[in-house]
Each structure stands twice: as structure tokens, then as C-alpha cells.
>>> print(open('my_file-v6.txt').read())   # compact mmCIF, C-alpha atoms
# COMPACT_ATOMS: atom_id res chain seq x y z
CA MET A 59 -10.29 -1.69 23.70
CA GLY A 60 -13.44 -1.24 25.79
CA PHE A 61 -12.62 2.26 27.11
CA GLY A 62 -15.28 4.94 27.02
CA GLY A 63 -15.38 8.65 27.79
CA GLU A 64 -12.43 10.90 28.55
CA LEU A 65 -9.28 9.02 29.57
CA SER A 66 -6.92 10.25 32.26
CA LYS A 67 -3.17 10.29 31.67
CA ASN A 68 -2.82 7.34 34.03
CA GLN A 69 -5.40 5.34 32.07
CA ILE A 70 -3.60 6.15 28.83
CA SER A 71 -0.09 5.34 30.08
CA ASP A 72 -1.08 2.12 31.83
CA ARG A 73 -4.49 0.55 31.22
CA LEU A 74 -5.00 1.56 27.57
CA ARG A 75 -1.46 0.70 26.53
CA ARG A 76 -1.51 -2.58 28.45
CA ALA A 77 -4.82 -3.64 26.87
CA SER A 78 -3.57 -2.75 23.38
CA CYS A 79 -0.26 -4.57 23.87
CA THR A 80 -2.01 -7.72 25.12
CA PHE A 81 -4.44 -7.70 22.19
CA VAL A 82 -1.73 -7.26 19.55
CA ARG A 83 0.59 -9.90 20.98
CA GLY A 84 -2.21 -12.44 21.35
CA ASP A 85 -5.52 -12.20 19.51
CA LEU A 86 -4.40 -10.07 16.55
CA ARG A 87 -1.19 -12.00 15.89
CA ASN A 88 -3.08 -15.30 16.01
CA GLU A 89 -5.84 -14.03 13.72
CA ILE A 90 -3.36 -12.84 11.06
CA GLU A 91 -1.68 -16.26 11.06
CA LYS A 92 -5.08 -18.00 10.87
CA GLN A 93 -6.23 -15.89 7.91
CA LEU A 94 -3.03 -16.53 5.94
CA LEU A 95 -3.37 -20.27 6.49
CA GLN A 96 -7.00 -20.15 5.38
CA LEU A 97 -5.86 -18.54 2.13
CA GLY A 98 -3.97 -21.74 1.43
CA ILE A 99 -0.49 -20.40 2.15
CA SER A 100 1.73 -23.08 3.62
CA ALA A 101 3.17 -22.39 7.06
CA ASP A 102 6.54 -23.25 5.52
CA TYR A 103 6.47 -19.98 3.58
CA PHE A 104 5.75 -17.46 6.32
CA SER A 105 5.88 -16.77 10.03
CA VAL A 106 3.97 -14.28 12.17
CA PHE A 107 5.62 -13.09 15.34
CA VAL A 108 6.09 -10.23 17.77
CA ASN A 109 9.49 -9.41 19.26
CA GLU A 110 8.09 -9.33 22.76
CA THR A 111 9.87 -7.72 25.67
CA ASP A 112 9.14 -7.78 29.39
CA ILE A 113 7.40 -4.41 28.98
CA SER A 114 3.66 -5.11 28.89
CA THR A 115 2.62 -1.57 27.94
CA THR A 116 4.40 -1.33 24.57
CA ASP A 117 2.24 0.81 22.26
CA PRO A 118 2.44 0.84 19.35
CA GLU A 119 3.43 -2.81 19.08
CA THR A 120 4.65 -4.35 15.82
CA ILE A 121 3.67 -7.69 14.30
CA GLU A 122 6.21 -9.02 11.79
CA VAL A 123 5.00 -11.19 8.92
CA ALA A 124 8.15 -12.75 7.46
CA TYR A 125 7.92 -14.55 4.12
CA LEU A 126 10.09 -16.46 1.66
CA SER A 127 10.71 -14.13 -1.28
CA VAL A 128 11.32 -15.18 -4.88
CA LEU A 129 13.44 -12.07 -5.36
CA PRO A 130 16.98 -11.31 -4.18
CA GLN A 131 16.89 -9.53 -0.85
CA PRO A 132 18.06 -5.89 -1.06
CA ASN A 133 20.08 -4.38 1.74
CA TYR A 134 17.47 -1.77 2.65
CA LEU A 135 14.28 -3.81 2.52
CA ARG A 136 13.70 -7.01 4.45
CA ASP A 137 11.50 -9.97 3.48
CA LYS A 138 8.79 -9.10 5.95
CA VAL A 139 5.71 -6.95 6.35
CA LEU A 140 5.51 -4.87 9.52
CA VAL A 141 2.04 -4.34 10.96
CA GLU A 142 2.30 -1.55 13.52
CA VAL A 143 -0.75 -1.34 15.77
CA GLY A 144 -1.45 1.24 18.45
CA ALA A 145 -4.40 2.44 20.49
CA ARG A 146 -3.44 6.10 20.94
CA SER A 147 -3.82 7.52 17.44
CA LEU A 148 -6.54 9.84 16.21
CA MET A 149 -8.91 8.13 13.79
CA GLU A 150 -10.23 11.25 12.05
CA PRO A 151 -10.42 12.46 9.39
CA ALA A 152 -10.85 9.11 7.60
CA GLU A 153 -12.84 7.56 4.79
CA PRO A 154 -13.13 4.17 3.00
CA ILE A 155 -10.40 3.79 0.36
CA LYS A 156 -10.37 1.10 -2.34
CA PHE A 157 -7.35 -1.20 -2.44
CA ASN A 158 -6.00 -3.97 -4.63
CA SER A 159 -2.61 -5.63 -4.91
CA ILE A 160 -0.02 -4.36 -7.39
CA LEU A 161 0.38 -7.93 -8.67
CA ALA A 162 -3.36 -8.23 -9.38
CA GLU A 163 -3.35 -4.91 -11.24
CA THR A 164 -0.25 -5.82 -13.26
CA PHE A 165 -1.03 -9.49 -13.94
CA PRO A 166 -4.84 -9.82 -13.81
CA GLN A 167 -4.79 -13.14 -15.68
CA SER A 168 -2.50 -14.68 -13.09
CA PHE A 169 -4.51 -13.43 -10.11
CA PRO A 170 -8.16 -13.88 -11.17
CA LEU A 171 -9.39 -14.32 -7.60
CA GLU A 172 -8.09 -10.96 -6.46
CA SER A 173 -10.76 -8.31 -6.00
CA ASP A 174 -10.91 -4.75 -4.75
CA PHE A 175 -11.59 -4.18 -1.08
CA TYR A 176 -12.16 -1.12 1.08
CA LEU A 177 -10.44 -0.07 4.27
CA GLN A 178 -11.24 2.83 6.58
CA THR A 179 -8.14 4.96 6.05
CA VAL A 180 -6.86 8.10 7.75
CA LEU A 181 -6.63 10.94 5.24
CA PRO A 182 -3.25 12.52 4.41
CA THR A 183 -4.54 15.77 5.94
CA ARG A 184 -3.68 14.41 9.38
CA THR A 185 -0.78 12.24 8.26
CA PHE A 186 0.95 15.36 6.94
CA LEU A 187 0.76 17.12 10.32
CA GLU A 188 1.79 13.98 12.21
CA LYS A 189 4.90 13.68 10.05
CA LEU A 190 5.77 17.36 10.53
CA PHE A 191 5.52 16.94 14.29
CA LEU A 192 7.40 13.63 14.33
CA VAL A 193 10.32 15.13 12.37
CA HIS A 194 10.39 18.22 14.60
CA GLU A 195 10.35 16.04 17.74
CA GLU A 196 13.15 13.87 16.37
CA PHE A 197 15.41 16.81 15.51
CA SER A 198 14.80 18.29 18.97
CA LYS A 199 16.53 15.33 20.62
CA PRO A 200 20.19 15.27 21.66
CA ILE A 201 22.30 14.37 18.62
CA ASN A 202 23.16 10.90 19.92
CA LYS A 203 19.45 10.11 20.37
CA ILE A 204 18.30 11.05 16.86
CA ARG A 205 17.20 8.01 14.86
CA ILE A 206 18.68 7.51 11.39
CA ASP A 207 17.64 4.18 9.88
CA LYS A 208 14.65 4.57 7.53
CA MET A 209 13.85 8.03 8.92
CA SER A 210 14.56 10.02 5.74
CA ARG A 211 11.32 8.59 4.32
CA HIS A 212 9.40 11.08 6.46
CA LEU A 213 11.14 14.00 4.73
CA TYR A 214 10.34 12.36 1.38
CA ASP A 215 6.67 11.97 2.31
CA ILE A 216 6.46 15.56 3.58
CA GLU A 217 7.87 16.90 0.31
CA LYS A 218 5.42 14.82 -1.72
CA LEU A 219 2.48 16.19 0.27
CA MET A 220 3.54 19.81 0.81
CA ASP A 221 1.84 21.29 -2.28
CA THR A 222 -1.28 19.11 -2.22
CA ASN A 223 -4.71 20.18 -1.05
CA PHE A 224 -4.29 17.83 1.91
CA ALA A 225 -1.35 19.87 3.18
CA LYS A 226 -2.97 23.19 2.36
CA ASN A 227 -6.11 22.20 4.26
CA ALA A 228 -4.08 20.98 7.24
CA LEU A 229 -2.13 24.23 7.49
CA SER A 230 -5.11 26.53 6.95
CA ASN A 231 -7.28 24.98 9.67
CA GLU A 232 -6.09 26.35 13.00
CA SER A 233 -8.52 24.32 15.13
CA PHE A 234 -7.51 21.08 13.42
CA TYR A 235 -3.81 21.91 13.84
CA ASN A 236 -4.41 22.58 17.54
CA GLU A 237 -6.38 19.36 17.93
CA VAL A 238 -3.54 17.24 16.54
CA VAL A 239 -0.99 18.99 18.77
CA LYS A 240 -3.12 18.52 21.90
CA HIS A 241 -3.82 14.87 21.10
CA ARG A 242 -0.12 14.23 20.54
CA GLN A 243 0.76 15.92 23.83
CA LYS A 244 -1.83 13.93 25.79
CA PHE A 245 -1.49 10.51 24.19
CA ILE A 246 2.20 10.49 23.19
CA GLY A 247 3.61 12.84 25.82
CA LEU A 248 7.36 12.60 25.17
CA LYS A 249 9.30 13.18 28.37
CA GLY A 250 11.29 16.40 28.39
CA PHE A 251 9.79 17.67 25.13
CA ASP A 252 8.27 21.16 25.02
CA TYR A 253 5.05 20.86 23.02
CA ASN A 254 4.91 24.64 22.66
CA THR A 255 7.66 24.22 20.07
CA LEU A 256 5.06 22.65 17.77
CA LEU A 257 3.64 26.15 17.25
CA PRO A 258 4.03 27.01 13.55
CA GLN A 259 6.54 29.80 14.27
CA ARG A 260 8.86 27.32 16.02
CA ILE A 261 8.59 24.23 13.80
CA ASN A 262 11.96 22.93 12.57
CA LEU A 263 12.15 20.33 9.79
CA ASN A 264 15.84 20.71 8.96
CA PRO A 265 18.13 17.90 10.16
CA PRO A 266 21.01 19.06 12.38
CA ASP A 267 24.35 19.28 10.57
CA ALA A 268 25.72 16.44 12.70
CA VAL A 269 23.25 13.92 11.23
CA LYS A 270 22.64 15.43 7.79
CA ASN A 271 25.13 13.20 5.97
CA LYS A 272 23.72 10.09 7.64
CA TYR A 273 20.22 11.10 6.57
CA GLY A 274 21.54 11.56 3.04
CA ILE A 275 22.97 8.02 3.03
CA ASP A 276 19.68 6.63 4.35
CA TYR A 277 17.76 8.53 1.66
CA ARG A 278 19.96 7.24 -1.16
CA ARG A 279 19.48 3.68 0.08
CA MET A 280 15.74 4.26 0.00
CA GLN A 281 15.98 5.63 -3.55
CA ASP A 282 17.75 2.46 -4.69
CA SER A 283 15.29 0.05 -3.06
CA MET A 284 11.88 1.68 -2.66
CA ILE A 285 11.26 4.62 -4.99
CA TYR A 286 9.95 3.97 -8.49
CA GLY A 287 11.02 6.35 -11.26
CA ASP A 288 12.74 9.70 -10.81
CA SER A 289 13.19 11.36 -7.43
CA LEU A 290 14.85 14.46 -6.04
CA SER A 291 18.45 14.39 -4.92
CA PHE A 292 18.92 14.69 -1.18
CA ASN A 293 20.06 18.32 -1.49
CA GLN A 294 17.00 19.13 -3.60
CA LEU A 295 14.80 17.41 -1.04
CA LEU A 296 16.29 19.48 1.78
CA LYS A 297 15.71 22.70 -0.17
CA ARG A 298 12.07 21.80 -0.69
CA VAL A 299 11.61 20.93 2.99
CA GLU A 300 13.33 24.19 3.97
CA GLU A 301 10.89 26.05 1.71
CA LEU A 302 7.99 24.41 3.53
CA ASN A 303 9.59 25.15 6.89
CA LYS A 304 9.71 28.87 6.08
CA ARG A 305 6.13 28.75 4.85
CA ILE A 306 4.95 27.25 8.15
CA ASN A 307 7.06 29.61 10.28
CA GLU A 308 5.31 32.56 8.62
CA MET A 309 1.83 31.33 9.51
CA GLN A 310 -0.26 33.54 11.77
CA PHE A 311 -1.69 31.00 14.21
CA TYR A 312 -1.66 31.83 17.92
CA GLN A 313 -1.46 35.58 17.34
>>> encode(input="my_file-v6.txt", output="C-alpha cells")
Amino acid sequence: MGFGGELSKNQISDRLRRASCTFVRGDLRNEIEKQLLQLGISADYFSVFVNETDISTTDPETIEVAYLSVLPQPNYLRDKVLVEVGARSLMEPAEPIKFNSILAETFPQSFPLESDFYLQTVLPTRTFLEKLFLVHEEFSKPINKIRIDKMSRHLYDIEKLMDTNFAKNALSNESFYNEVVKHRQKFIGLKGFDYNTLLPQRINLNPPDAVKNKYGIDYRRMQDSMIYGDSLSFNQLLKRVEELNKRINEMQFYQ
């Protein structure tokens, strides 16, 4: 984005966000479309667009790549890929991770031109903390402001990570925990939210009773459309998340 050194809150809330929004809506959207066309994909089979608003500081901004699917469209998933791009996220810790398409791995004879590629990818160590904080922030809102649609996936992801070394490392490193909290406060800065409640002793990952059933419905829809193989019931998921919540609340940071 061309910004160097320490950024002030004003630079973050205006100049950085404006530059990011302009880049995503223009150069990045156009480049994605160009690359797909160069792969030989007809423009009749996809479209690349941004649902732009009059707000020129939207960050993150989302590029939608809609495509014609050969499969029936489920109710939960849409025939599009969402590319969410923002300029305010931490980029560490990260490392190059090898990728390939599921189709190429499953049908190598049908996709002989597919090859592995590497992307610089944020490690789950930070993703785990970000999801904890996002869920806590969400459940701190007034009931009528809490988002429902596709939000149960964060609880699912948290449960999947909670007993891994990524999660253990994230929760055992006080300076790293503090760094993520401070970055979130400075670069996200939700109005009216008390960032002191992100202290381990005050973290809350349990959905309020008023939205619990709605989260259960959202989770079951995700199970039907997105999750391969067996998965926990919603009640089992909540018990696991509650177990993690107690574990975090008992941590000795900030003593």
C-alpha cells in the first residue's frame, strides 16, 4: 500500500483503508478477471465483481468470483468464490504452504496440467487467537446485532484447533497473545467494545441463549453442505468449546 513506519489511528481509519479499498475494487479485481481469461476460461462461465457502496474506506473488501456450476446448488453454499482482502491484518507468523486443487489430486489423469504451488500463508497459531477474539466480540454485542449466517463455522474451527500444537503455542505465549490483542485494538478498533475483556480470564466463547438455537440451525446447514465425514453434534460442539473457555479463563496471564 506504500505506507511505511508506525501508522496513526487517523492514517489507519482513512488513508490506509481508502488505499486498500481502491486497490481491491480496481487493480486486483481486474487482474483476477484477466488471469482467468488467460487460463482459457470463457467469460460466459464466470464473472468477477465487487458489490461497491458509496463508502470508499471499506476494509476488508470482498471480490466475488461467480461461476456456472455443473452441480446442483445447495441452499447453504453459493456458486461463487469470495476473495476477502484487507490491509489491516497481521502477516506473522507465516510460512510458504504447498497447495493443489482437490480435483487434480482426485483425478490426476483429467488434470495433467495442474501442478503444486506455494503461497505465503498465516499459520493457525494466529488464526486460532483471531477466531477466539472474533467470537468473543460477536457475543459481546446486543442480541439484535449478533450475526448468525455462516458464523457457527468459527466455533467449528476453534474446536478443531483447540487441542493442536498451534493452539497450545498460542495460549502459552503471553507476549504473542498480547501482540494480537493490541493489533486488533489498534487496527480494528470496534466502537464501544472494551478490549480489556479479551484478557484470558474474561474471554467468553459461549453463544447467548437467545441466539443459541439459531447458531445450531446454521451449524446443521453447514454440516449438510460443507463438512466431509463425521462431525460433532451442535451440543457436543458447545461442550467442547465450553471446555476450552474454562481452560482459557484459568490461564495466569496479566497476574
>>> closest_residue(input="my_file-v6.txt", among="A:Val139, A:Ala225, A:Leu129, A:Leu248", to="Val108 (chain A)", atoms="all atoms listed in the file")
A:Val139
>>> atom_distance(input="my_file-v6.txt", atom1="CA of Asn88 (chain A)", atom2="CA of Asn158 (chain A)")
23.7 Å
>>> residues_around(input="my_file-v6.txt", residues="Leu190 (chain A)", least_positions_apart="5", cutoff="12 Å", atoms="only C-alpha atoms", output="PyMOL selection string")
chain A and resi 182-185+195-197+212-217+219-220+225+228-229+235+238-239+255-258+260-264+299+302-303+306
>>> atom_distance(input="my_file-v6.txt", atom1="CA of Ser291 (chain A)", atom2="CA of Lys272 (chain A)")
14.3 Å
>>> atom_distance(input="my_file-v6.txt", atom1="CA of Met284 (chain A)", atom2="CA of Leu140 (chain A)")
15.2 Å
>>> residues_near_point(input="my_file-v6.txt", point="(5.0, -10.5, 9.6)", cutoff="6 Å", atoms="all atoms listed in the file", output="VMD selection string")
chain A and resid 106 121 to 124 138 to 140
>>> closest_residue(input="my_file-v6.txt", among="A:Val82, A:Met280, A:Ala101, A:Ala268", to="Leu135 (chain A)", atoms="all atoms listed in the file")
A:Met280
>>> residues_near_point(input="my_file-v6.txt", point="(-11.1, 6.5, 3.5)", cutoff="9 Å", atoms="all atoms listed in the file", output="PyMOL selection string")
chain A and resi 151-156+176-181
>>> residues_around(input="my_file-v6.txt", residues="Asp276 (chain A)", least_positions_apart="4", cutoff="9 Å", atoms="all atoms listed in the file", output="MDAnalysis selection string")
chainID A and resid 134 206:211 271:272 280:281
>>> closest_residue(input="my_file-v6.txt", among="A:Phe81, A:Phe292, A:Tyr125, A:Phe157", to="Leu94 (chain A)", atoms="all atoms listed in the file")
A:Tyr125
>>> closest_residue(input="my_file-v6.txt", among="A:Arg305, A:Asp267, A:Cys79, A:Ile204", to="Lys226 (chain A)", atoms="only C-alpha atoms")
A:Arg305
